[in-house]
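S.K.: One structure is given below, represented as structure tokens, and several questions about it will come after.
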Amino acid sequence: MTTYFIYTRKQRSSALLLILNAVVALLLYAAAHKYLPTLTNDTHALAQLFGVVDIAIWVVEALLLGLALWFWFENKQIRVCVTPTTLSYFDPTFGDVSWQVKISDITELKQINHTGQEFMSNLIVLKNGEYRQLMYSNYRGFDRRAFFDALVLANPNIIVPESIYSYKIQRPSWAKRIRKKFGLDE
């Protein structure tokens, strides 16, 4: 079968990134111990800060290295695939999220910036009103333009964002009511 778009990535690449983060955190910890005492004369505040940092660094290191080991040995594959008839998605990162939808059932791809919670989401909107979430903003090397083009090639009626990085701002309902009272509604 023809494939318009495919993205795959093994979890070992995430493990390597976590190890890099652990090394950077350790370097920042060492730099703090070396340079912070020269920046202040307040030894009491510095002692309190180091009291917290000396414990926190080992918790952070344990979490980062533990996740890295878990990803390294599990090494499952993230997969996004667009064919002429289906969009399939599998992300094993935090629970095996897996779904497949017919291209003909997709009406829109939305990229939303939720102002209240300060996070972004990428949603596939289906004809029946359901949503399916994609986590591609976390995927290194994911070609959004090729993905959008593949969806439109499979079904020209699918609405995709004009720009690959444009996110529509979504405000909480209470904020919309206040904006409407002040005449600021969209």
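Residues are named by chain letter and number: chains run A, B, ... in the order of the structure tokens, numbers start at 1 in each chain, and ligands are numbered from 1 in the order shown.
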Can you pull out every residue from chain A that DSSP, working from the backbone, puts in alpha helix (DSSP H), and format the result as a ChimeraX atom specification?
M.R.: /A:12-39,43-74,144-154,173-181
S.K.: Would you mind listing, for every residue of region 64-159 of chain A within 7 Å of region 11-26 of chain A, the two atoms forming the shortest contact and the distance between them in Å to one decimal, using only C-alpha atoms, sorted by chain and ascending residue number, as CSV?
M.R.:
residue,atom,partner,partner_atom,distance
A:Leu64,CA,A:Leu18,CA,5.8
A:Leu65,CA,A:Ile19,CA,6.3
A:Ala68,CA,A:Ala15,CA,4.1
A:Leu69,CA,A:Ala15,CA,6.8
A:Phe71,CA,A:Gln11,CA,5.4
A:Trp72,CA,A:Arg12,CA,4.8
A:Asn75,CA,A:Gln11,CA,4.7
A:Lys76,CA,A:Gln11,CA,5.7
A:Gln77,CA,A:Gln11,CA,6.2
S.K.: Residues within 9 Å of Leu134 (chain A), please, as a list in words. Count only C-alpha atoms; anything in the same chain fewer than 2 positions from it doesn't count.
M.R.: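 Counting only the stated atoms, we get Tyr89, Asp91, Ser121, Asn122, Leu123, Ile124, Arg132, Tyr136 and Ser137 of chain A.
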S.K.: From the options A:Gly51, A:Gly95, A:Pro161, A:Gly183, which residue's atoms come nearest to Phe148 (chain A), counting only C-alpha atoms?
M.R.: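 Checking each of A:Gly51, A:Gly95, A:Pro161, A:Gly183 against Phe148 (chain A), counting only C-alpha atoms, the winner is A:Pro161.
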S.K.: Residues within 6 Å of Leu87 (chain A), please, as a list in words. Count only C-alpha atoms; anything in the same chain fewer than 2 positions from it doesn't count.
M.R.: Cys81, Val82, Gln100 and Val101 of chain A
S.K.: Do you have the CA of Asp105 (chain A)-CA of Lys10 (chain A) distance handy?
M.R.: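 One can read the CA of Asp105 (chain A) to CA of Lys10 (chain A) distance as 28.9 Å.
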S.K.: Please identify the strand (DSSP E or B) residues within region 16-176 of chain A (assignment by DSSP from backbone atoms) and present them as a PyMOL selection string.
M.R.: chain A and resi 77-82+86-91+93+95+97-102+106-114+119-126+131-134+159+168-170
S.K.: Expressed in Å to a single decimal, how great is the separation between CA of His44 (chain A) and CA of Ala32 (chain A)?
M.R.: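 According to the coordinates, CA of His44 (chain A) and CA of Ala32 (chain A) are separated by 15.6 Å.
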S.K.: Between A:Ile178, A:Ile106, A:Val125, A:Ala31, single out the one closest to Ile158 (chain A), counting only C-alpha atoms.
M.R.: A:Ile106
S.K.: Would you mind listing what lies within 10 Å of Leu153 (chain A) as a list in words, with only C-alpha atoms counted and same-chain residues fewer than 6 positions away left out?
M.R.: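 Contacts, in chain order: Tyr4, Val82, Thr83, Pro84 and Phe147 of chain A.
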S.K.: Hey, can you check how far CA of Ile164 (chain A) sits from CA of Arg145 (chain A)?
M.R.: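 Distance reported for this atom pair: 6.2 Å.
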S.K.: Pick out the closest residue to Ser163 (chain A) from this set: A:Thr40, A:Gln111, A:Gln48, A:Thr2. Count only C-alpha atoms.
M.R.: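 So, comparing all the options, the nearest one is A:Gln111.
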